[in-house]
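Source file: query-v8.cif (mmCIF, N, CA and C atoms)
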data_work
loop_
_atom_site.label_atom_id
_atom_site.label_comp_id
_atom_site.auth_asym_id
_atom_site.auth_seq_id
_atom_site.Cartn_x
_atom_site.Cartn_y
_atom_site.Cartn_z
N LYS K 77 -43.84 49.62 2.68
CA LYS K 77 -44.54 49.80 1.42
C LYS K 77 -45.94 49.17 1.50
N ILE K 78 -46.05 48.00 2.07
CA ILE K 78 -47.34 47.34 2.21
C ILE K 78 -48.24 48.14 3.15
N LEU K 79 -47.65 48.66 4.21
CA LEU K 79 -48.41 49.47 5.16
C LEU K 79 -48.96 50.73 4.49
N ARG K 80 -48.16 51.36 3.66
CA ARG K 80 -48.60 52.54 2.94
C ARG K 80 -49.76 52.21 2.00
N HIS K 81 -49.67 51.07 1.31
CA HIS K 81 -50.73 50.64 0.40
C HIS K 81 -52.02 50.37 1.18
N SER K 82 -51.89 49.74 2.33
CA SER K 82 -53.05 49.45 3.17
C SER K 82 -53.70 50.74 3.67
N LYS K 83 -52.88 51.69 4.08
CA LYS K 83 -53.39 52.96 4.57
C LYS K 83 -54.12 53.70 3.45
N ARG K 84 -53.55 53.70 2.27
CA ARG K 84 -54.17 54.35 1.11
C ARG K 84 -55.51 53.70 0.78
N ARG K 85 -55.56 52.37 0.83
CA ARG K 85 -56.80 51.65 0.56
C ARG K 85 -57.86 52.00 1.60
N ASN K 86 -57.47 52.09 2.87
CA ASN K 86 -58.41 52.47 3.92
C ASN K 86 -58.94 53.88 3.70
N GLN K 87 -58.07 54.79 3.26
CA GLN K 87 -58.51 56.16 2.99
C GLN K 87 -59.52 56.20 1.85
N LEU K 88 -59.28 55.42 0.81
CA LEU K 88 -60.21 55.37 -0.32
C LEU K 88 -61.55 54.77 0.11
N GLN K 89 -61.50 53.71 0.91
CA GLN K 89 -62.72 53.10 1.40
C GLN K 89 -63.51 54.09 2.26
N TRP K 90 -62.82 54.86 3.10
CA TRP K 90 -63.48 55.84 3.94
C TRP K 90 -64.13 56.93 3.09
N LYS K 91 -63.43 57.40 2.04
CA LYS K 91 -64.00 58.44 1.19
C LYS K 91 -65.28 57.95 0.52
N LYS K 92 -65.29 56.69 0.09
CA LYS K 92 -66.49 56.13 -0.53
C LYS K 92 -67.62 56.01 0.49
N LYS K 93 -67.29 55.55 1.69
CA LYS K 93 -68.30 55.41 2.74
C LYS K 93 -68.85 56.78 3.13
N LYS K 94 -67.99 57.75 3.28
CA LYS K 94 -68.41 59.11 3.64
C LYS K 94 -69.38 59.66 2.59
N LYS K 95 -69.02 59.49 1.32
CA LYS K 95 -69.87 59.97 0.24
C LYS K 95 -71.22 59.24 0.24
N ARG K 96 -71.18 57.93 0.46
CA ARG K 96 -72.42 57.14 0.49
C ARG K 96 -73.31 57.57 1.65
N LEU K 97 -72.72 57.74 2.82
CA LEU K 97 -73.52 58.15 3.99
C LEU K 97 -74.12 59.54 3.76
N TRP K 98 -73.31 60.46 3.27
CA TRP K 98 -73.80 61.82 3.02
C TRP K 98 -74.96 61.80 2.04
N LYS K 99 -74.80 61.06 0.95
CA LYS K 99 -75.86 60.97 -0.07
C LYS K 99 -77.11 60.32 0.51
N THR K 100 -76.95 59.31 1.35
CA THR K 100 -78.09 58.64 1.95
C THR K 100 -78.85 59.58 2.87
N PHE K 101 -78.15 60.37 3.67
CA PHE K 101 -78.82 61.31 4.56
C PHE K 101 -79.65 62.33 3.78
N TRP K 102 -79.14 62.77 2.65
CA TRP K 102 -79.84 63.81 1.89
C TRP K 102 -80.86 63.24 0.90
N ASP K 103 -80.59 62.08 0.32
CA ASP K 103 -81.44 61.57 -0.76
C ASP K 103 -82.08 60.22 -0.49
N GLY K 104 -81.73 59.57 0.61
CA GLY K 104 -82.19 58.21 0.85
C GLY K 104 -83.62 58.14 1.37
N ASN K 105 -84.17 56.95 1.31
CA ASN K 105 -85.50 56.74 1.87
C ASN K 105 -85.39 56.60 3.39
N ARG K 106 -86.50 56.52 4.06
CA ARG K 106 -86.54 56.51 5.53
C ARG K 106 -85.68 55.39 6.10
N GLU K 107 -85.84 54.20 5.60
CA GLU K 107 -85.10 53.05 6.14
C GLU K 107 -83.60 53.19 5.93
N SER K 108 -83.18 53.66 4.77
CA SER K 108 -81.74 53.82 4.52
C SER K 108 -81.16 54.96 5.38
N GLN K 109 -81.96 56.00 5.64
CA GLN K 109 -81.50 57.07 6.52
C GLN K 109 -81.33 56.57 7.95
N ILE K 110 -82.24 55.74 8.40
CA ILE K 110 -82.13 55.16 9.74
C ILE K 110 -80.86 54.32 9.84
N GLN K 111 -80.62 53.49 8.84
CA GLN K 111 -79.42 52.65 8.84
C GLN K 111 -78.15 53.51 8.81
N ALA K 112 -78.17 54.58 8.03
CA ALA K 112 -77.01 55.48 7.96
C ALA K 112 -76.77 56.17 9.30
N ALA K 113 -77.84 56.56 9.98
CA ALA K 113 -77.70 57.20 11.30
C ALA K 113 -77.11 56.22 12.30
N LEU K 114 -77.55 54.98 12.26
CA LEU K 114 -77.00 53.97 13.17
C LEU K 114 -75.54 53.69 12.84
N GLU K 115 -75.22 53.66 11.56
CA GLU K 115 -73.83 53.44 11.14
C GLU K 115 -72.94 54.60 11.59
N LEU K 116 -73.44 55.82 11.48
CA LEU K 116 -72.69 56.99 11.91
C LEU K 116 -72.33 56.88 13.39
N SER K 117 -73.26 56.38 14.18
CA SER K 117 -73.03 56.25 15.63
C SER K 117 -71.88 55.31 15.95
N ARG K 118 -71.59 54.40 15.05
CA ARG K 118 -70.53 53.40 15.29
C ARG K 118 -69.17 53.82 14.75
N LEU K 119 -69.09 54.96 14.10
CA LEU K 119 -67.82 55.42 13.54
C LEU K 119 -66.91 55.97 14.63
N SER K 120 -65.63 56.06 14.32
CA SER K 120 -64.68 56.68 15.25
C SER K 120 -65.00 58.17 15.36
N SER K 121 -64.56 58.79 16.43
CA SER K 121 -64.86 60.21 16.64
C SER K 121 -64.26 61.07 15.52
N LYS K 122 -63.10 60.70 15.03
CA LYS K 122 -62.47 61.45 13.95
C LYS K 122 -63.34 61.40 12.69
N ARG K 123 -63.85 60.23 12.38
CA ARG K 123 -64.69 60.09 11.18
C ARG K 123 -66.06 60.75 11.37
N ARG K 124 -66.59 60.68 12.58
CA ARG K 124 -67.86 61.38 12.85
C ARG K 124 -67.66 62.88 12.63
N HIS K 125 -66.52 63.39 13.10
CA HIS K 125 -66.23 64.81 12.94
C HIS K 125 -66.15 65.19 11.46
N LYS K 126 -65.52 64.33 10.66
CA LYS K 126 -65.42 64.60 9.21
C LYS K 126 -66.81 64.65 8.59
N LEU K 127 -67.70 63.75 9.01
CA LEU K 127 -69.07 63.77 8.48
C LEU K 127 -69.81 65.01 8.95
N GLU K 128 -69.60 65.38 10.19
CA GLU K 128 -70.24 66.57 10.74
C GLU K 128 -69.85 67.80 9.91
N GLU K 129 -68.59 67.89 9.54
CA GLU K 129 -68.10 69.00 8.73
C GLU K 129 -68.74 69.02 7.34
N SER K 130 -69.18 67.85 6.87
CA SER K 130 -69.76 67.78 5.52
C SER K 130 -71.25 68.11 5.50
N GLY K 131 -71.84 68.35 6.66
CA GLY K 131 -73.22 68.82 6.69
C GLY K 131 -74.29 67.78 6.96
N VAL K 132 -73.96 66.73 7.68
CA VAL K 132 -74.98 65.70 7.93
C VAL K 132 -75.92 66.04 9.08
N MET K 133 -75.62 67.09 9.83
CA MET K 133 -76.48 67.42 10.96
C MET K 133 -77.86 67.91 10.51
N VAL K 134 -77.93 68.61 9.41
CA VAL K 134 -79.21 69.14 8.93
C VAL K 134 -80.22 68.03 8.65
N PRO K 135 -79.87 67.00 7.86
CA PRO K 135 -80.86 65.94 7.64
C PRO K 135 -81.18 65.17 8.92
N LEU K 136 -80.23 65.08 9.84
CA LEU K 136 -80.52 64.40 11.11
C LEU K 136 -81.55 65.20 11.91
N VAL K 137 -81.43 66.51 11.89
CA VAL K 137 -82.42 67.35 12.58
C VAL K 137 -83.78 67.21 11.89
N PHE K 138 -83.80 67.14 10.56
CA PHE K 138 -85.06 66.91 9.85
C PHE K 138 -85.70 65.59 10.28
N MET K 139 -84.86 64.58 10.51
CA MET K 139 -85.38 63.28 10.94
C MET K 139 -86.08 63.38 12.29
N LEU K 140 -85.67 64.33 13.12
CA LEU K 140 -86.30 64.51 14.43
C LEU K 140 -87.76 64.95 14.31
N HIS K 141 -88.11 65.55 13.19
CA HIS K 141 -89.47 66.03 12.96
C HIS K 141 -90.37 64.95 12.37
N SER K 142 -89.85 63.78 12.20
CA SER K 142 -90.61 62.66 11.64
C SER K 142 -91.67 62.18 12.63
N GLN K 143 -92.67 61.52 12.12
CA GLN K 143 -93.66 60.87 12.96
C GLN K 143 -93.24 59.43 13.29
N ASP K 144 -92.11 59.03 12.74
CA ASP K 144 -91.59 57.67 12.90
C ASP K 144 -90.61 57.65 14.07
N TYR K 145 -90.99 56.95 15.12
CA TYR K 145 -90.16 56.93 16.33
C TYR K 145 -88.81 56.25 16.11
N GLU K 146 -88.75 55.29 15.21
CA GLU K 146 -87.47 54.63 14.91
C GLU K 146 -86.51 55.64 14.26
N ALA K 147 -87.02 56.49 13.37
CA ALA K 147 -86.20 57.52 12.73
C ALA K 147 -85.75 58.55 13.75
N ILE K 148 -86.65 58.92 14.65
CA ILE K 148 -86.30 59.90 15.69
C ILE K 148 -85.20 59.34 16.59
N GLU K 149 -85.36 58.10 17.01
CA GLU K 149 -84.36 57.48 17.89
C GLU K 149 -83.00 57.38 17.20
N ALA K 150 -82.98 56.96 15.94
CA ALA K 150 -81.71 56.85 15.21
C ALA K 150 -81.06 58.22 15.05
N ALA K 151 -81.86 59.24 14.74
CA ALA K 151 -81.32 60.58 14.59
C ALA K 151 -80.76 61.10 15.91
N LEU K 152 -81.48 60.87 17.00
CA LEU K 152 -80.99 61.31 18.31
C LEU K 152 -79.68 60.63 18.67
N CYS K 153 -79.60 59.33 18.43
CA CYS K 153 -78.35 58.61 18.73
C CYS K 153 -77.20 59.16 17.89
N ALA K 154 -77.45 59.43 16.62
CA ALA K 154 -76.41 59.95 15.74
C ALA K 154 -75.98 61.35 16.19
N LEU K 155 -76.95 62.19 16.51
CA LEU K 155 -76.62 63.55 16.97
C LEU K 155 -75.85 63.53 18.29
N LEU K 156 -76.24 62.65 19.18
CA LEU K 156 -75.50 62.52 20.44
C LEU K 156 -74.07 62.05 20.19
N SER K 157 -73.92 61.09 19.29
CA SER K 157 -72.57 60.59 19.00
C SER K 157 -71.72 61.68 18.35
N LEU K 158 -72.34 62.56 17.54
CA LEU K 158 -71.60 63.68 16.97
C LEU K 158 -71.16 64.67 18.05
N SER K 159 -71.98 64.79 19.09
CA SER K 159 -71.65 65.76 20.14
C SER K 159 -70.54 65.28 21.06
N PHE K 160 -70.36 63.96 21.20
CA PHE K 160 -69.29 63.45 22.06
C PHE K 160 -67.95 63.81 21.48
N GLY K 161 -67.13 64.42 22.27
CA GLY K 161 -65.79 64.78 21.82
C GLY K 161 -65.70 66.14 21.16
N SER K 162 -66.85 66.75 20.89
CA SER K 162 -66.78 68.08 20.30
C SER K 162 -66.51 69.09 21.40
N GLU K 163 -65.82 70.13 21.06
CA GLU K 163 -65.47 71.14 22.07
C GLU K 163 -66.66 72.05 22.31
N ARG K 164 -66.87 72.37 23.56
CA ARG K 164 -67.95 73.28 23.93
C ARG K 164 -67.35 74.46 24.66
N TYR K 165 -67.86 75.63 24.37
CA TYR K 165 -67.32 76.84 24.97
C TYR K 165 -68.32 77.44 25.91
#
Mind converting the file's structure to structure tokens?
Amino acid sequence: KILRHSKRRNQLQWKKKKKRLWKTFWDGNRESQIQAALELSRLSSKRRHKLEESGVMVPLVFMLHSQDYEAIEAALCALLSLSFGSERY
């Protein structure tokens, strides 16, 4: 019973984090987008995949067009981390 409660709490925390990261990528300022990209890189592959499905690749690609090298580097790292483990045909 305790394990089930803990699992449920982790799922709720993940849903909040996923929503926050998604919102930051689309609506956040430059610094918060960089932090979100770095945070995405540290997520498990399963969670990265869930974010990928929610549409975070588009704002990451937009970040590549920035004149800010820190934003470009963070976006590249995040995009690379999204590509690890994805199936290629």
- Which neighbours of stretch 143-146 of chain K fall inside 10 Å, counting only C-alpha atoms, when residues of the same chain fewer than 6 positions from it are skipped, and could you give them as a PyMOL selection string? chain K and resi 106-107+110+152
- Close residues, K:Arg118 itself excluded, 8 Å, only N, CA and C atoms, min 6 positions apart in chain, as a ChimeraX atom specification: /K:112,124,153-154,157
- Could you give me the residues within chain K that DSSP places in helix (DSSP H, G or I), as a ChimeraX atom specification? /K:78-103,106-117,121-129,133-140,145-159
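Atom N of K:Gln89 sits 29.1 Å away from atom N of K:Glu149.
Minimum atom-to-atom distance to K:Arg123, evaluated using only C-alpha atoms, belongs to K:Lys94 out of K:Arg84, K:Lys94, K:Gln109, K:Leu155.
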- Query: Got a sec to resolve the PyMOL selection byres (((chain K and resi 121 and name CA) around 8) and name CA) on this structure and send the residues as a count of residues only?
  - Reply: 9
- Mind giving me the straight-line distance from atom CA of K:Leu116 to atom CA of K:Asn86 in Å, one decimal?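 Atom CA of K:Asn86 lies at a distance of 17.0 Å from atom CA of K:Leu116.
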- Query: How many Å separate atom N of K:Val137 from atom CA of K:Lys93?
  - Reply: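 These atoms are spaced 19.5 Å apart.
Restricting the calculation to only C-alpha atoms, the smallest distance between K:Thr100 and any of K:Ala150, K:Met133, K:Ala113, K:Leu156 is found for K:Ala113.
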- With distances taken over all atoms listed in the file, which of K:Arg96, K:Ala151, K:Leu88, K:Ser108 is nearest to K:Pro135? K:Ala151
Keeping just N, CA and C atoms, export stretch 116-157 of chain K of this structure as an mmCIF file, in the first residue's frame.
data_model
loop_
_atom_site.group_PDB
_atom_site.id
_atom_site.type_symbol
_atom_site.label_atom_id
_atom_site.label_comp_id
_atom_site.auth_asym_id
_atom_site.auth_seq_id
_atom_site.Cartn_x
_atom_site.Cartn_y
_atom_site.Cartn_z
ATOM 1 N N LEU K 116 16.103 18.468 -19.293
ATOM 2 C CA LEU K 116 15.623 17.408 -20.172
ATOM 3 C C LEU K 116 16.724 16.389 -20.430
ATOM 4 N N SER K 117 17.936 16.860 -20.608
ATOM 5 C CA SER K 117 19.066 15.969 -20.892
ATOM 6 C C SER K 117 19.334 14.995 -19.756
ATOM 7 N N ARG K 118 18.926 15.352 -18.553
ATOM 8 C CA ARG K 118 19.190 14.505 -17.380
ATOM 9 C C ARG K 118 18.048 13.545 -17.057
ATOM 10 N N LEU K 119 16.966 13.607 -17.798
ATOM 11 C CA LEU K 119 15.827 12.730 -17.538
ATOM 12 C C LEU K 119 16.100 11.317 -18.046
ATOM 13 N N SER K 120 15.325 10.374 -17.543
ATOM 14 C CA SER K 120 15.420 8.994 -18.035
ATOM 15 C C SER K 120 14.937 8.955 -19.484
ATOM 16 N N SER K 121 15.335 7.935 -20.212
ATOM 17 C CA SER K 121 14.953 7.843 -21.624
ATOM 18 C C SER K 121 13.433 7.744 -21.774
ATOM 19 N N LYS K 122 12.776 7.070 -20.862
ATOM 20 C CA LYS K 122 11.323 6.954 -20.918
ATOM 21 C C LYS K 122 10.665 8.324 -20.775
ATOM 22 N N ARG K 123 11.154 9.115 -19.852
ATOM 23 C CA ARG K 123 10.575 10.451 -19.643
ATOM 24 C C ARG K 123 10.931 11.405 -20.788
ATOM 25 N N ARG K 124 12.139 11.267 -21.326
ATOM 26 C CA ARG K 124 12.498 12.083 -22.494
ATOM 27 C C ARG K 124 11.556 11.768 -23.655
ATOM 28 N N HIS K 125 11.264 10.480 -23.825
ATOM 29 C CA HIS K 125 10.358 10.062 -24.892
ATOM 30 C C HIS K 125 8.966 10.668 -24.702
ATOM 31 N N LYS K 126 8.488 10.685 -23.458
ATOM 32 C CA LYS K 126 7.173 11.280 -23.173
ATOM 33 C C LYS K 126 7.170 12.765 -23.529
ATOM 34 N N LEU K 127 8.263 13.463 -23.215
ATOM 35 C CA LEU K 127 8.346 14.880 -23.568
ATOM 36 C C LEU K 127 8.423 15.066 -25.073
ATOM 37 N N GLU K 128 9.162 14.200 -25.722
ATOM 38 C CA GLU K 128 9.283 14.264 -27.177
ATOM 39 C C GLU K 128 7.902 14.143 -27.823
ATOM 40 N N GLU K 129 7.092 13.236 -27.308
ATOM 41 C CA GLU K 129 5.736 13.041 -27.825
ATOM 42 C C GLU K 129 4.860 14.273 -27.616
ATOM 43 N N SER K 130 5.190 15.079 -26.613
ATOM 44 C CA SER K 130 4.365 16.257 -26.316
ATOM 45 C C SER K 130 4.756 17.474 -27.147
ATOM 46 N N GLY K 131 5.793 17.358 -27.966
ATOM 47 C CA GLY K 131 6.116 18.438 -28.889
ATOM 48 C C GLY K 131 7.222 19.385 -28.483
ATOM 49 N N VAL K 132 8.162 18.931 -27.682
ATOM 50 C CA VAL K 132 9.230 19.845 -27.250
ATOM 51 C C VAL K 132 10.347 20.010 -28.282
ATOM 52 N N MET K 133 10.335 19.196 -29.326
ATOM 53 C CA MET K 133 11.416 19.306 -30.313
ATOM 54 C C MET K 133 11.345 20.618 -31.090
ATOM 55 N N VAL K 134 10.159 21.105 -31.360
ATOM 56 C CA VAL K 134 10.012 22.339 -32.141
ATOM 57 C C VAL K 134 10.685 23.527 -31.461
ATOM 58 N N PRO K 135 10.401 23.804 -30.175
ATOM 59 C CA PRO K 135 11.094 24.935 -29.550
ATOM 60 C C PRO K 135 12.604 24.707 -29.424
ATOM 61 N N LEU K 136 13.023 23.452 -29.295
ATOM 62 C CA LEU K 136 14.462 23.179 -29.240
ATOM 63 C C LEU K 136 15.119 23.517 -30.584
ATOM 64 N N VAL K 137 14.451 23.200 -31.666
ATOM 65 C CA VAL K 137 14.976 23.553 -32.987
ATOM 66 C C VAL K 137 15.007 25.071 -33.144
ATOM 67 N N PHE K 138 13.980 25.762 -32.647
ATOM 68 C CA PHE K 138 13.994 27.228 -32.686
ATOM 69 C C PHE K 138 15.195 27.782 -31.922
ATOM 70 N N MET K 139 15.529 27.131 -30.804
ATOM 71 C CA MET K 139 16.685 27.584 -30.015
ATOM 72 C C MET K 139 17.978 27.479 -30.813
ATOM 73 N N LEU K 140 18.044 26.555 -31.754
ATOM 74 C CA LEU K 140 19.250 26.409 -32.581
ATOM 75 C C LEU K 140 19.489 27.629 -33.462
ATOM 76 N N HIS K 141 18.448 28.383 -33.742
ATOM 77 C CA HIS K 141 18.555 29.568 -34.589
ATOM 78 C C HIS K 141 18.926 30.819 -33.796
ATOM 79 N N SER K 142 19.145 30.663 -32.527
ATOM 80 C CA SER K 142 19.499 31.779 -31.655
ATOM 81 C C SER K 142 20.918 32.268 -31.956
ATOM 82 N N GLN K 143 21.190 33.490 -31.588
ATOM 83 C CA GLN K 143 22.547 34.019 -31.671
ATOM 84 C C GLN K 143 23.315 33.740 -30.377
ATOM 85 N N ASP K 144 22.638 33.127 -29.426
ATOM 86 C CA ASP K 144 23.206 32.845 -28.111
ATOM 87 C C ASP K 144 23.788 31.425 -28.113
ATOM 88 N N TYR K 145 25.096 31.344 -28.002
ATOM 89 C CA TYR K 145 25.756 30.039 -28.072
ATOM 90 C C TYR K 145 25.393 29.122 -26.913
ATOM 91 N N GLU K 146 25.101 29.684 -25.756
ATOM 92 C CA GLU K 146 24.683 28.864 -24.613
ATOM 93 C C GLU K 146 23.335 28.201 -24.913
ATOM 94 N N ALA K 147 22.419 28.933 -25.541
ATOM 95 C CA ALA K 147 21.112 28.378 -25.917
ATOM 96 C C ALA K 147 21.278 27.302 -26.985
ATOM 97 N N ILE K 148 22.165 27.553 -27.939
ATOM 98 C CA ILE K 148 22.407 26.572 -28.999
ATOM 99 C C ILE K 148 22.978 25.286 -28.413
ATOM 100 N N GLU K 149 23.949 25.424 -27.526
ATOM 101 C CA GLU K 149 24.569 24.247 -26.910
ATOM 102 C C GLU K 149 23.550 23.445 -26.095
ATOM 103 N N ALA K 150 22.727 24.136 -25.305
ATOM 104 C CA ALA K 150 21.721 23.447 -24.491
ATOM 105 C C ALA K 150 20.705 22.733 -25.386
ATOM 106 N N ALA K 151 20.288 23.393 -26.463
ATOM 107 C CA ALA K 151 19.330 22.779 -27.380
ATOM 108 C C ALA K 151 19.934 21.554 -28.061
ATOM 109 N N LEU K 152 21.188 21.663 -28.489
ATOM 110 C CA LEU K 152 21.853 20.515 -29.121
ATOM 111 C C LEU K 152 21.956 19.333 -28.167
ATOM 112 N N CYS K 153 22.344 19.611 -26.932
ATOM 113 C CA CYS K 153 22.447 18.530 -25.938
ATOM 114 C C CYS K 153 21.089 17.873 -25.708
ATOM 115 N N ALA K 154 20.043 18.679 -25.613
ATOM 116 C CA ALA K 154 18.704 18.139 -25.388
ATOM 117 C C ALA K 154 18.245 17.315 -26.594
ATOM 118 N N LEU K 155 18.478 17.831 -27.793
ATOM 119 C CA LEU K 155 18.078 17.085 -29.000
ATOM 120 C C LEU K 155 18.856 15.779 -29.126
ATOM 121 N N LEU K 156 20.126 15.818 -28.806
ATOM 122 C CA LEU K 156 20.917 14.578 -28.837
ATOM 123 C C LEU K 156 20.404 13.574 -27.816
ATOM 124 N N SER K 157 20.070 14.059 -26.625
ATOM 125 C CA SER K 157 19.565 13.143 -25.595
ATOM 126 C C SER K 157 18.215 12.557 -26.011
#
